[in-house]
Structure formats: structure tokens, C-alpha cells
>>> print(open('target_8.cif').read())   # mmCIF, C-alpha atoms
data_query
loop_
_atom_site.label_atom_id
_atom_site.label_comp_id
_atom_site.auth_asym_id
_atom_site.auth_seq_id
_atom_site.Cartn_x
_atom_site.Cartn_y
_atom_site.Cartn_z
CA MET C 1 0.00 0.00 0.00
CA THR C 2 1.41 3.40 -0.96
CA SER C 3 0.34 7.01 -0.67
CA GLU C 4 1.40 9.92 -2.88
CA THR C 5 1.62 13.47 -1.67
CA LEU C 6 3.47 16.35 -3.38
CA GLY C 7 4.82 13.93 -5.96
CA THR C 8 6.55 11.74 -3.32
CA THR C 9 5.76 8.05 -2.91
CA VAL C 10 5.88 6.56 0.59
CA PRO C 11 6.48 2.80 0.61
CA ALA C 12 4.24 0.53 2.66
CA GLY C 13 5.44 -0.70 6.04
CA THR C 14 6.88 2.60 7.24
CA THR C 15 5.87 4.14 10.55
CA ARG C 16 3.72 7.25 10.76
CA THR C 17 6.68 9.40 11.85
CA GLU C 18 8.83 8.15 9.00
CA ALA C 19 6.00 8.73 6.54
CA LEU C 20 5.51 12.31 7.72
CA ARG C 21 9.26 12.91 7.49
CA GLU C 22 9.35 11.54 3.93
CA LEU C 23 6.43 13.75 2.93
CA ALA C 24 7.73 16.85 4.68
CA ALA C 25 11.25 16.68 3.17
CA PRO C 26 10.30 17.71 -0.40
CA LEU C 27 7.89 20.35 0.93
CA ALA C 28 10.64 21.88 3.07
CA ALA C 29 13.02 21.80 0.10
CA ARG C 30 10.50 23.67 -2.07
CA VAL C 31 9.84 26.22 0.65
CA LEU C 32 13.57 26.75 1.15
CA ARG C 33 14.17 27.12 -2.59
CA GLY C 34 11.29 29.58 -2.92
CA THR C 35 12.55 31.58 0.07
CA ARG C 36 15.99 31.84 -1.47
CA GLU C 37 14.53 33.04 -4.77
CA VAL C 38 12.46 35.70 -2.95
CA LEU C 39 15.40 36.89 -0.84
CA SER C 40 17.71 36.98 -3.88
CA VAL C 41 15.70 39.81 -5.46
CA VAL C 42 16.23 42.13 -2.47
CA ARG C 43 19.13 44.53 -2.95
CA PRO C 44 21.15 45.97 0.00
CA LEU C 45 19.12 49.17 -0.17
CA GLY C 46 15.96 47.09 0.06
CA TRP C 47 17.12 45.47 3.30
CA VAL C 48 17.94 48.90 4.72
CA VAL C 49 14.47 50.21 3.86
CA PHE C 50 12.77 47.08 5.22
CA VAL C 51 14.68 47.08 8.54
CA THR C 52 14.12 50.83 8.95
CA ALA C 53 10.38 50.43 8.36
CA VAL C 54 10.15 47.64 10.97
CA VAL C 55 12.14 49.63 13.54
CA LEU C 56 10.02 52.76 12.98
CA TRP C 57 6.80 50.77 13.27
CA ILE C 58 7.80 49.06 16.53
CA THR C 59 9.24 52.24 18.04
CA GLY C 60 6.16 54.24 17.04
CA GLN C 61 3.81 51.70 18.61
CA MET C 62 5.84 51.50 21.85
CA LEU C 63 6.25 55.26 22.29
CA GLY C 64 2.92 56.25 20.76
CA TRP C 65 4.58 58.58 18.21
CA HIS C 66 2.31 58.87 15.21
CA GLU C 67 5.09 60.50 13.18
CA LEU C 68 7.19 57.31 13.32
CA ILE C 69 4.18 55.20 12.33
CA VAL C 70 3.52 57.46 9.34
CA ALA C 71 7.18 57.20 8.30
CA ALA C 72 6.95 53.41 8.57
CA LEU C 73 3.84 53.41 6.40
CA VAL C 74 5.59 55.56 3.78
CA LEU C 75 8.58 53.19 3.63
CA THR C 76 6.21 50.22 3.40
CA ALA C 77 4.42 51.89 0.49
CA VAL C 78 7.80 52.44 -1.20
CA LEU C 79 8.59 48.73 -0.86
CA VAL C 80 5.23 47.75 -2.31
CA ILE C 81 5.56 50.14 -5.27
CA CYS C 82 9.12 49.01 -6.01
CA ALA C 83 8.07 45.36 -5.83
CA GLY C 84 5.58 46.06 -8.60
CA PHE C 85 8.45 46.64 -11.03
CA LEU C 86 9.39 42.95 -10.71
CA ILE C 87 6.18 41.89 -12.44
CA GLY C 88 6.63 40.85 -16.04
CA ARG C 89 8.18 38.18 -18.23
CA THR C 90 11.87 38.11 -19.17
CA ASP C 91 11.95 35.01 -21.34
CA TYR C 92 13.76 36.54 -24.30
CA ASP C 93 15.39 34.43 -26.98
CA VAL C 94 18.94 35.76 -26.58
CA GLY C 95 21.67 35.58 -29.20
CA LEU C 96 25.26 36.73 -28.60
CA ASP C 97 27.51 37.02 -31.64
CA LEU C 98 31.12 38.23 -31.67
CA THR C 99 32.48 39.16 -35.10
CA ARG C 100 35.87 37.85 -34.05
CA THR C 101 36.74 35.85 -30.96
CA ARG C 102 40.45 36.62 -31.39
CA VAL C 103 41.88 40.13 -31.61
CA VAL C 104 45.25 41.78 -31.04
CA VAL C 105 45.92 44.16 -28.17
CA GLY C 106 44.59 47.59 -29.11
CA GLU C 107 41.92 46.34 -31.51
CA ARG C 108 38.22 46.52 -30.72
CA ALA C 109 36.12 43.39 -30.57
CA VAL C 110 32.78 44.12 -32.20
CA GLY C 111 29.67 42.08 -31.48
CA ALA C 112 25.90 42.08 -31.55
CA LEU C 113 23.33 41.18 -28.91
CA THR C 114 19.93 40.07 -30.23
CA LEU C 115 16.82 39.70 -28.05
CA ALA C 116 13.61 38.32 -29.55
CA ASN C 117 10.16 37.87 -28.04
CA THR C 118 9.03 34.46 -29.26
CA GLY C 119 6.03 34.32 -26.90
CA SER C 120 2.42 35.28 -27.44
CA ARG C 121 2.45 38.22 -25.02
CA ALA C 122 4.42 41.45 -24.96
CA ILE C 123 7.52 41.79 -22.75
CA LEU C 124 7.81 45.01 -20.76
CA PRO C 125 10.97 47.16 -20.95
CA SER C 126 13.97 45.50 -19.32
CA ARG C 127 17.63 46.08 -18.66
CA VAL C 128 20.23 43.69 -20.11
CA VAL C 129 23.65 43.25 -18.53
CA LEU C 130 26.56 41.82 -20.54
CA PRO C 131 29.59 40.88 -18.38
CA VAL C 132 32.97 41.32 -20.07
CA GLY C 133 35.78 40.01 -17.91
CA ALA C 134 35.72 41.99 -14.66
CA GLY C 135 33.55 44.75 -16.19
CA ARG C 136 30.12 44.79 -17.72
CA GLY C 137 27.99 46.64 -20.22
CA GLU C 138 24.32 47.57 -19.79
CA PHE C 139 21.61 48.00 -22.42
CA ALA C 140 18.04 49.28 -22.08
CA VAL C 141 15.57 47.16 -24.04
CA LYS C 142 12.25 48.67 -25.05
CA ARG C 143 8.91 46.91 -24.85
CA LEU C 144 8.84 44.03 -27.32
CA ALA C 145 5.61 42.90 -28.91
CA PRO C 146 5.11 39.22 -29.80
CA GLY C 147 7.46 38.29 -32.65
CA GLU C 148 9.47 41.52 -32.32
CA GLU C 149 13.21 41.62 -31.70
CA ALA C 150 15.82 44.17 -30.71
CA GLU C 151 19.50 44.28 -31.62
CA GLU C 152 22.25 46.06 -29.70
CA LEU C 153 25.71 46.54 -31.18
CA PHE C 154 28.71 46.86 -28.89
CA ALA C 155 32.48 47.24 -29.08
CA ILE C 156 34.92 45.90 -26.47
CA PRO C 157 38.17 47.88 -26.14
CA THR C 158 41.26 45.74 -25.56
CA ASN C 159 44.00 47.58 -23.74
CA ARG C 160 45.84 44.55 -22.42
CA ARG C 161 46.46 40.93 -23.30
CA ALA C 162 43.94 38.59 -21.67
CA VAL C 163 41.30 35.92 -22.11
CA LEU C 164 37.95 37.62 -21.45
CA ALA C 165 34.71 35.78 -20.76
CA VAL C 166 31.91 37.63 -22.58
CA GLY C 167 28.58 36.72 -20.98
CA PRO C 168 26.44 35.09 -19.90
CA VAL C 169 23.77 37.64 -20.80
CA SER C 170 21.61 38.63 -17.82
CA VAL C 171 18.12 40.10 -18.19
CA VAL C 172 17.46 42.38 -15.21
CA ARG C 173 14.10 43.66 -14.07
CA GLY C 174 13.97 46.05 -11.14
CA ASP C 175 12.85 49.41 -9.81
CA PRO C 176 14.57 52.74 -10.47
CA LEU C 177 15.64 53.08 -6.82
CA GLY C 178 17.52 49.78 -6.80
CA VAL C 179 15.47 48.27 -3.96
CA PHE C 180 14.57 45.06 -5.81
CA GLU C 181 16.23 43.37 -8.76
CA ARG C 182 15.37 40.11 -10.50
CA VAL C 183 18.09 38.60 -12.70
CA HIS C 184 17.61 35.88 -15.29
CA ARG C 185 20.73 34.58 -17.04
CA ARG C 186 20.51 33.59 -20.69
CA ASP C 187 22.86 32.11 -23.26
CA GLU C 188 26.39 30.81 -22.60
CA PRO C 189 29.59 32.86 -22.18
CA VAL C 190 32.00 33.25 -25.10
CA ASP C 191 35.77 33.44 -24.64
CA LEU C 192 37.46 36.44 -26.26
CA TYR C 193 41.21 35.95 -26.78
CA VAL C 194 43.25 39.15 -26.79
CA HIS C 195 46.51 38.11 -28.44
CA PRO C 196 49.83 39.82 -27.74
CA ARG C 197 51.18 42.14 -30.36
CA THR C 198 53.62 40.43 -32.72
CA VAL C 199 55.88 41.57 -35.54
CA LEU C 200 56.38 39.86 -38.89
CA PHE C 201 59.73 39.33 -40.55
CA ASP C 202 61.11 37.29 -43.44
CA GLY C 203 62.02 33.66 -42.91
CA GLN C 204 65.57 34.44 -43.96
CA SER C 205 65.87 36.45 -40.73
CA LEU C 206 65.83 33.10 -38.97
CA GLY C 207 68.35 31.51 -41.28
CA PHE C 208 70.04 29.38 -38.64
CA LEU C 209 66.64 28.20 -37.41
CA ARG C 210 65.42 27.00 -40.77
CA ASP C 211 66.36 23.34 -41.22
CA LEU C 212 63.19 21.72 -42.52
CA GLU C 213 65.27 19.18 -44.48
CA GLY C 214 67.15 18.19 -41.35
CA LEU C 215 70.34 19.45 -39.73
CA PRO C 216 73.36 17.15 -40.13
CA ALA C 217 74.65 16.03 -36.76
CA THR C 218 78.09 14.73 -35.79
CA ASP C 219 76.68 11.24 -35.16
CA LEU C 220 77.11 8.73 -37.98
CA SER C 221 74.31 6.43 -39.07
CA ARG C 222 74.03 3.27 -41.17
CA ASP C 223 70.97 4.56 -43.00
CA ASP C 224 69.94 8.19 -43.53
CA ILE C 225 69.86 10.94 -46.16
CA SER C 226 73.16 12.83 -45.96
CA PHE C 227 76.03 10.75 -47.44
CA HIS C 228 79.27 10.89 -45.44
CA ALA C 229 81.83 8.30 -46.65
CA LEU C 230 82.51 4.66 -47.51
CA ARG C 231 83.69 2.00 -45.10
CA GLU C 232 84.11 -1.74 -44.92
CA TYR C 233 81.05 -3.90 -44.46
CA GLN C 234 80.21 -4.93 -40.89
CA PRO C 235 77.73 -7.58 -39.76
CA GLY C 236 74.29 -6.06 -39.49
CA ASP C 237 74.75 -3.47 -42.26
CA ASP C 238 71.96 -3.14 -44.78
CA ARG C 239 73.06 -4.75 -48.05
CA ARG C 240 71.09 -2.10 -49.93
CA ASN C 241 73.83 0.37 -48.94
CA VAL C 242 76.63 -1.68 -50.52
CA HIS C 243 78.68 0.39 -52.98
CA TRP C 244 79.37 -2.19 -55.68
CA ARG C 245 81.79 -0.13 -57.76
CA SER C 246 84.14 0.42 -54.83
CA THR C 247 83.74 -3.23 -53.85
CA ALA C 248 84.79 -4.35 -57.33
CA ARG C 249 87.76 -1.98 -57.39
CA THR C 250 89.12 -2.81 -53.92
CA GLY C 251 88.02 -6.42 -53.65
CA THR C 252 86.52 -5.63 -50.22
CA LEU C 253 82.82 -5.29 -49.55
CA MET C 254 82.23 -1.53 -49.04
CA VAL C 255 79.07 0.17 -47.76
CA ARG C 256 77.89 3.77 -47.65
CA GLN C 257 78.02 5.64 -44.33
CA PHE C 258 75.63 8.52 -43.61
CA GLU C 259 75.43 11.51 -41.32
CA GLU C 260 72.48 11.31 -38.97
CA THR C 261 69.99 14.10 -39.61
CA ARG C 262 67.17 15.46 -37.52
CA ARG C 263 64.21 17.73 -38.07
CA SER C 264 64.40 21.17 -36.52
CA HIS C 265 63.14 21.20 -32.93
CA PHE C 266 62.51 24.80 -31.95
CA VAL C 267 62.03 25.28 -28.19
CA ILE C 268 60.98 28.59 -26.64
CA GLY C 269 61.66 29.02 -22.92
CA LEU C 270 59.70 32.01 -21.61
CA SER C 271 60.26 32.89 -17.96
CA ARG C 272 57.19 34.00 -16.05
CA ASN C 273 59.00 34.47 -12.78
CA PRO C 274 58.27 38.06 -11.63
CA GLY C 275 61.80 38.26 -10.22
CA ASP C 276 63.23 38.04 -13.74
CA TYR C 277 61.55 41.30 -14.83
CA ALA C 278 61.93 44.89 -13.73
CA ASP C 279 58.26 45.67 -14.43
CA ALA C 280 55.15 44.37 -16.20
CA ASP C 281 56.08 46.11 -19.48
CA GLU C 282 59.16 43.93 -19.80
CA PHE C 283 57.04 40.83 -19.26
CA GLU C 284 54.67 41.91 -22.05
CA LEU C 285 57.61 42.65 -24.36
CA ALA C 286 59.06 39.19 -23.73
CA ILE C 287 55.70 37.57 -24.51
CA SER C 288 55.39 39.55 -27.75
CA ALA C 289 58.92 38.57 -28.79
CA ALA C 290 58.18 34.92 -28.02
CA GLY C 291 54.99 35.12 -30.08
CA SER C 292 56.83 36.65 -33.04
CA LEU C 293 59.60 34.04 -33.02
CA GLY C 294 57.19 31.15 -32.57
CA LEU C 295 54.92 32.26 -35.41
CA ARG C 296 57.89 32.57 -37.76
CA ALA C 297 59.08 29.07 -36.84
CA LEU C 298 55.59 27.63 -37.36
CA ARG C 299 55.37 29.27 -40.78
CA ASP C 300 58.68 27.58 -41.59
CA SER C 301 57.03 24.23 -40.72
CA GLN C 302 59.28 23.64 -37.74
CA ARG C 303 58.34 21.70 -34.65
CA VAL C 304 57.76 24.31 -31.96
CA GLU C 305 57.46 23.76 -28.21
CA VAL C 306 56.87 26.46 -25.61
CA ARG C 307 57.97 25.93 -22.03
CA VAL C 308 57.16 28.19 -19.07
CA GLN C 309 57.46 27.61 -15.36
CA GLY C 310 54.85 25.12 -14.26
CA ALA C 311 53.25 24.57 -17.67
CA GLU C 312 53.74 23.67 -21.31
CA LEU C 313 51.74 25.84 -23.70
CA PRO C 314 50.06 24.33 -26.79
CA SER C 315 51.86 25.23 -29.99
CA GLY C 316 50.52 22.91 -32.68
CA THR C 317 49.17 25.84 -34.69
CA GLY C 318 49.61 29.59 -34.62
CA LYS C 319 46.10 30.03 -33.21
CA GLN C 320 46.76 27.63 -30.32
CA PHE C 321 50.13 29.22 -29.69
CA LEU C 322 48.76 32.76 -29.41
CA ASP C 323 45.75 31.59 -27.38
CA GLY C 324 48.13 30.13 -24.82
CA LEU C 325 50.14 33.35 -24.65
CA SER C 326 46.94 35.38 -24.19
CA GLY C 327 46.19 33.84 -20.80
CA LEU C 328 49.79 33.76 -19.55
CA SER C 329 50.49 35.51 -16.26
CA TYR C 330 53.20 35.67 -13.62
CA ALA C 331 53.89 32.38 -11.87
CA ARG C 332 52.82 32.06 -8.26
CA GLY C 333 54.89 30.47 -5.56
CA ARG C 334 58.38 29.07 -5.98
CA THR C 335 58.58 27.94 -9.57
CA GLY C 336 62.22 28.81 -10.31
CA ASP C 337 63.84 31.41 -12.54
CA ILE C 338 65.32 31.38 -16.03
CA VAL C 339 68.13 29.07 -14.90
CA ASP C 340 65.70 26.44 -13.64
CA LEU C 341 63.67 26.81 -16.83
CA ALA C 342 66.76 26.14 -18.96
CA GLY C 343 67.47 23.04 -16.89
CA HIS C 344 63.91 21.84 -17.40
CA ILE C 345 64.26 22.29 -21.17
CA SER C 346 67.49 20.31 -21.17
CA ALA C 347 65.84 17.46 -19.27
CA THR C 348 62.63 17.32 -21.32
CA ALA C 349 63.90 18.30 -24.79
CA PRO C 350 67.46 16.98 -25.09
CA ALA C 351 67.22 16.76 -28.90
CA ALA C 352 66.33 20.43 -29.37
CA SER C 353 68.18 22.04 -32.27
CA VAL C 354 67.39 25.65 -31.33
CA VAL C 355 66.57 27.01 -27.86
CA VAL C 356 65.42 30.59 -27.33
CA LEU C 357 65.31 31.83 -23.73
CA LEU C 358 63.35 35.00 -22.93
CA CYS C 359 63.56 36.98 -19.70
CA GLY C 360 63.75 40.54 -18.36
CA SER C 361 66.53 42.93 -17.42
CA ALA C 362 66.49 41.80 -13.77
CA VAL C 363 68.56 38.73 -14.73
CA ASN C 364 72.26 39.56 -14.47
CA ALA C 365 75.04 38.28 -16.72
CA ALA C 366 76.14 35.61 -14.23
CA ARG C 367 72.69 34.03 -14.14
CA LEU C 368 72.45 34.22 -17.94
CA ARG C 369 75.78 32.39 -18.21
CA VAL C 370 74.51 29.60 -15.96
CA ALA C 371 71.25 29.40 -17.92
CA CYS C 372 73.08 29.16 -21.25
CA GLY C 373 75.26 26.42 -19.83
CA ARG C 374 72.16 24.32 -19.16
CA VAL C 375 70.91 24.45 -22.74
CA PRO C 376 70.85 20.96 -24.37
CA PHE C 377 74.20 19.95 -25.82
CA GLY C 378 74.51 20.71 -29.52
CA ALA C 379 71.59 23.14 -29.61
CA ARG C 380 71.95 26.69 -30.92
CA ALA C 381 71.14 29.05 -28.03
CA LEU C 382 69.66 32.53 -28.29
CA VAL C 383 68.72 34.68 -25.29
CA VAL C 384 66.30 37.59 -25.71
CA VAL C 385 66.35 40.06 -22.81
CA ALA C 386 63.42 42.46 -22.60
CA ASP C 387 64.75 45.79 -21.34
CA THR C 388 62.43 48.75 -21.91
CA THR C 389 65.14 51.21 -20.80
CA VAL C 390 67.33 50.72 -23.90
CA ASP C 391 66.75 52.83 -26.98
CA ALA C 392 68.46 50.51 -29.47
CA PRO C 393 69.01 46.74 -29.50
CA SER C 394 72.35 45.43 -28.32
CA LEU C 395 74.10 42.14 -29.01
CA ARG C 396 76.65 40.39 -26.82
CA ARG C 397 78.09 36.94 -26.43
CA ILE C 398 77.75 34.95 -23.20
CA ALA C 399 79.21 31.46 -23.18
CA ASP C 400 78.12 29.92 -26.50
CA ALA C 401 74.90 31.92 -26.78
CA ASP C 402 73.97 35.18 -28.49
CA VAL C 403 72.29 37.52 -26.00
CA LEU C 404 69.99 40.10 -27.54
CA SER C 405 68.61 43.04 -25.52
CA LEU C 406 65.44 44.66 -26.86
CA GLY C 407 63.78 47.89 -25.84
CA ALA C 408 60.77 47.56 -28.16
CA LEU C 409 59.18 44.84 -30.26
CA ASP C 410 59.84 46.69 -33.53
CA GLN C 411 63.57 46.21 -32.91
CA LEU C 412 63.36 42.42 -33.20
CA PRO C 413 63.76 41.98 -37.01
CA SER C 414 66.84 44.21 -37.28
CA ALA C 415 68.31 42.70 -34.11
CA LEU C 416 68.00 39.17 -35.53
CA ALA C 417 69.72 40.34 -38.69
CA ARG C 418 72.68 41.39 -36.53
CA VAL C 419 72.74 37.99 -34.89
CA LEU C 420 73.02 36.26 -38.26
CA ALA C 421 75.48 38.72 -39.76
#
>>> encode(input="target_8.cif", output="C-alpha cells")
Amino acid sequence: MTSETLGTTVPAGTTRTEALRELAAPLAARVLRGTREVLSVVRPLGWVVFVTAVVLWITGQMLGWHELIVAALVLTAVLVICAGFLIGRTDYDVGLDLTRTRVVVGERAVGALTLANTGSRAILPSRVVLPVGAGRGEFAVKRLAPGEEAEELFAIPTNRRAVLAVGPVSVVRGDPLGVFERVHRRDEPVDLYVHPRTVLFDGQSLGFLRDLEGLPATDLSRDDISFHALREYQPGDDRRNVHWRSTARTGTLMVRQFEETRRSHFVIGLSRNPGDYADADEFELAISAAGSLGLRALRDSQRVEVRVQGAELPSGTGKQFLDGLSGLSYARGRTGDIVDLAGHISATAPAASVVVLLCGSAVNAARLRVACGRVPFGARALVVVADTTVDAPSLRRIADADVLSLGALDQLPSALARVLA
């Protein structure tokens, strides 16, 4: 035997107390949920007005002061009138469209917000809030008749590199005084990637980085592309590499020996330790330089990897690479400096052919020397130091690495030309 109340089924065999508890639980949950929804529409000013009205009413009754009772009645009337502004539907069909979800620092992201009334009744005027990162934009929507729609165009200024969450769109209905406010969220947020500024330069500017066909190494191989010399046959050699003309001339079985080649492995080590930079501008300059070098290497079809303290950024495509740089920030906690980053690169990418380390002017020459010494053996090392105090790029040699100091991103192409000269 079962009984159903409020949509809850009570199994047979339970005691009366247990049955009442089972039936009361969903009712209490509904009451609690409804109470939370009612309390959520009250703004801080509304609580102040409500508490003031209660205090004036009680004090007026206790002391017999009609003036306080009148004031309490006035505040109560204000609450009732303001509550009337909450009446009305807000079930818009919301559409959020960004023209581009990826822009460069300084560009404006343009978008459109569309609200349509797909119901059979008119929707009273409302206020629409569009969060953009830590800020927000507000739009006033007129009364929409059934089947009518409104479109609001907006532009988001981008003054700094970031990943901004645009949305979700919130439809707000409330009174002019800000006593009550009812918020209904619509649609899903859209990520806006603000890429760092980069500079383009010719592939020839990275001449020593361009080795798509493979860089010959000092290791010799039994089978590869780059021919090195002839030698006598040894057990295990591939007979397809036998050089028959030399064998016939010398009477000894001779085979070809090759130089081992490898595809270019371009590794970017970008320090995000705040102690390696004098200020935030140097950090931004280092990120922009890393983005410029990485994009050039990707266009040259090289294998690119980006290493930072505590993370490895995606770099399969230029879009993924710049998206990762957009959300990059200073590392928190003890994550090591440029020296530790170079050691990490050596341990995780020992076959790297080119390693570019980027840091700020706070790293002295002694630390740079140690960092260059930890670069994988046989790799070409380049250090880019972001120093916004210099007016012209400078080039120096530390250990076996070229150290380039930049004061602005526009100096990078000419500075690389000096490195290769």
C-alpha cells in the first residue's frame, strides 16, 4: 500500500513518523528554494528600507509617536511600489555574436546582442547586462511585442592581453531606486582571446633556425639521407647500402656511411618568474617577442614547443600558440627562474636544435651564463632580454649563446639580422 503526496511516494510498512518525514522533506526543500529566490531579489538598499520600516513601526507603537508610524507606512508603500516593477516576463530568446573571438591588443572586438520575443504576449521594458571580464555593459531594451526583436551593437576595447569571458547575458528587471532586482541569465559565455602584439619578418631572418630538411649532426648512421663516406662492411649493415663499384675496385665489400639528420626542434623558454623582470612592461615585451619568433618558426614548418614555469603551452598551430600566450600571467609560488627553466628544457627536450630563452633585465650576466650552460648539448642558443630602458638593441656573447637586448618589439627583425650577420 502506498500514498502519494506532493509527488513523493511513501512505501508501505513505514511508521507514521517516518512517513511524515518523507512527505515533509520535499515540501521543506521547495519552501527553502522559494525563500531563497524571494530573498535573492532584495538589494542591499531594500534590506535597509525594510529594517528601517520595521524599527520605525515598533518604536512608534511603543512610544505612541504617530510620526514614526507614518514614516513606517511611507517606507512600506515604497517597498510595495518598487516590488511592482518585478512583475513581467523576461523570457527573451537571446543571441550573442562576436564578429571575431580573437583580436590583437589595441583592436576593438565588435559584437551584436539580439533579443527576440518568441512568446504570445508582450515583454515590458527591461535592462540587459553583458559581463565582459571583470567589467560589464548595460543596455536598455524597449517593450517588445510578440514576434518583435531588438539588436544592440557593442564594441569591447582591448588595452591589455587577456582571455575575457563575454557573458552570460543577464536580463534584469527592477525598480529605479535599486530596492529590488530580479536577474535571469541567458545564453552561454563566449571566450574572447586578446593576443599579444607580434611583428612579422622574413624567414631568412631566422636563417640558422630554418632546417626543414634536417640538420646534419656529428653522429654517424648506417641509414639516412646525408652521405658521409665509404667504409668496410660490418655484420648487421643493410646490403642495400653496398657500394658495388668500390667493392669491385678494392676487392673488399664496401658500404655507404651517412650523417644522422634530424628535423628542426625549436624550443621557446619564456620565464614568467616576476623576479626576472623589472616591471610588467618587460614581461609583455618578452611575450610579444616569443609570439613573433614562434609564429615565424611555425610558418617555416618547424616543430615548436613552448615551455614556461609550471606549464607547457600548446603550440601545434599559430592560433593555439597565441591563445596560450593570451592567458599567460606571472607564476605564483616558488617555480624557479630562467636558470631552472633552462634546466627543465634540457631534461625534457634533449634533442632540441634551437633554444630561445626569454627573460627581463632583472637577470644579471652571471645568471644568464649559468642558464646558457644548461641548454641541451649541440643546440643553438639565443637569449632575448626584454629591457624597456634601452633605446636601441644590443648584441653580446655569453658562453656559446647570443644575447639580444630589446627595448621595443619593432627592434626584433633588425636585431635578428645582426645575430646572423
>>> resolve_selection(input="target_8.cif", expression="the PyMOL selection byres ((chain C and resi 192) around 6)", output="list in words")
Thr101, Arg102, Val163, Leu164, Asp191 and Tyr193 of chain C
>>> resolve_selection(input="target_8.cif", expression="the PyMOL selection byres ((chain C and resi 80-82) around 8)", output="list in words")
Thr76, Ala77, Val78, Leu79, Ala83, Gly84, Phe85, Leu86, Gly174, Asp175, Pro176, Leu177, Val179 and Phe180 of chain C
>>> residues_around(input="target_8.cif", residues="Leu230 (chain C)", least_positions_apart="5", cutoff="9 Å", atoms="all atoms listed in the file", output="list in words")
His243, Ser246, Met254, Val255, Arg256, Gln257 and Phe258 of chain C
>>> resolve_selection(input="target_8.cif", expression="the PyMOL selection byres ((chain C and resi 49-57) around 7)", output="count of residues only")
13
>>> residues_around(input="target_8.cif", residues="Ala162 (chain C)", least_positions_apart="3", cutoff="8 Å", atoms="all atoms listed in the file", output="PDB file with C-alpha atoms, keeping the file's coordinate frame")
ATOM      1  CA  TYR C 193      41.210  35.950 -26.780  1.00  0.00           C
ATOM      2  CA  VAL C 194      43.250  39.150 -26.790  1.00  0.00           C
ATOM      3  CA  HIS C 195      46.510  38.110 -28.440  1.00  0.00           C
ATOM      4  CA  SER C 326      46.940  35.380 -24.190  1.00  0.00           C
ATOM      5  CA  GLY C 327      46.190  33.840 -20.800  1.00  0.00           C
ATOM      6  CA  LEU C 328      49.790  33.760 -19.550  1.00  0.00           C
TER       7      LEU C 328
END
>>> closest_residue(input="target_8.cif", among="C:Val94, C:Gly178, C:Pro196, C:Pro168", to="Gly106 (chain C)", atoms="all atoms listed in the file")
C:Pro196
>>> closest_residue(input="target_8.cif", among="C:Glu282, C:Glu188, C:Glu181, C:Asp93", to="Gly147 (chain C)", atoms="only C-alpha atoms")
C:Asp93
>>> closest_residue(input="target_8.cif", among="C:Leu124, C:Leu285, C:Ala351, C:Ala365", to="Ile338 (chain C)", atoms="only C-alpha atoms")
C:Ala365
>>> atom_distance(input="target_8.cif", atom1="CA of Val169 (chain C)", atom2="CA of Gly324 (chain C)")
25.8 Å
>>> atom_distance(input="target_8.cif", atom1="CA of Arg197 (chain C)", atom2="CA of Leu153 (chain C)")
25.9 Å
>>> residues_around(input="target_8.cif", residues="region 307-311 of chain C", least_positions_apart="2", cutoff="12 Å", atoms="all atoms listed in the file", output="number ranges by chain")
C: 266-274, 287, 290, 294, 304-305, 313-315, 321, 324-325, 328-349, 355-359
>>> atom_distance(input="target_8.cif", atom1="CA of Leu409 (chain C)", atom2="CA of Glu284 (chain C)")
9.8 Å
>>> closest_residue(input="target_8.cif", among="C:Thr388, C:Asn159, C:Asn117, C:Ser126", to="Ala145 (chain C)", atoms="all atoms listed in the file")
C:Asn117
>>> closest_residue(input="target_8.cif", among="C:Arg397, C:Arg100, C:Arg418, C:Arg186", to="Leu115 (chain C)", atoms="all atoms listed in the file")
C:Arg186
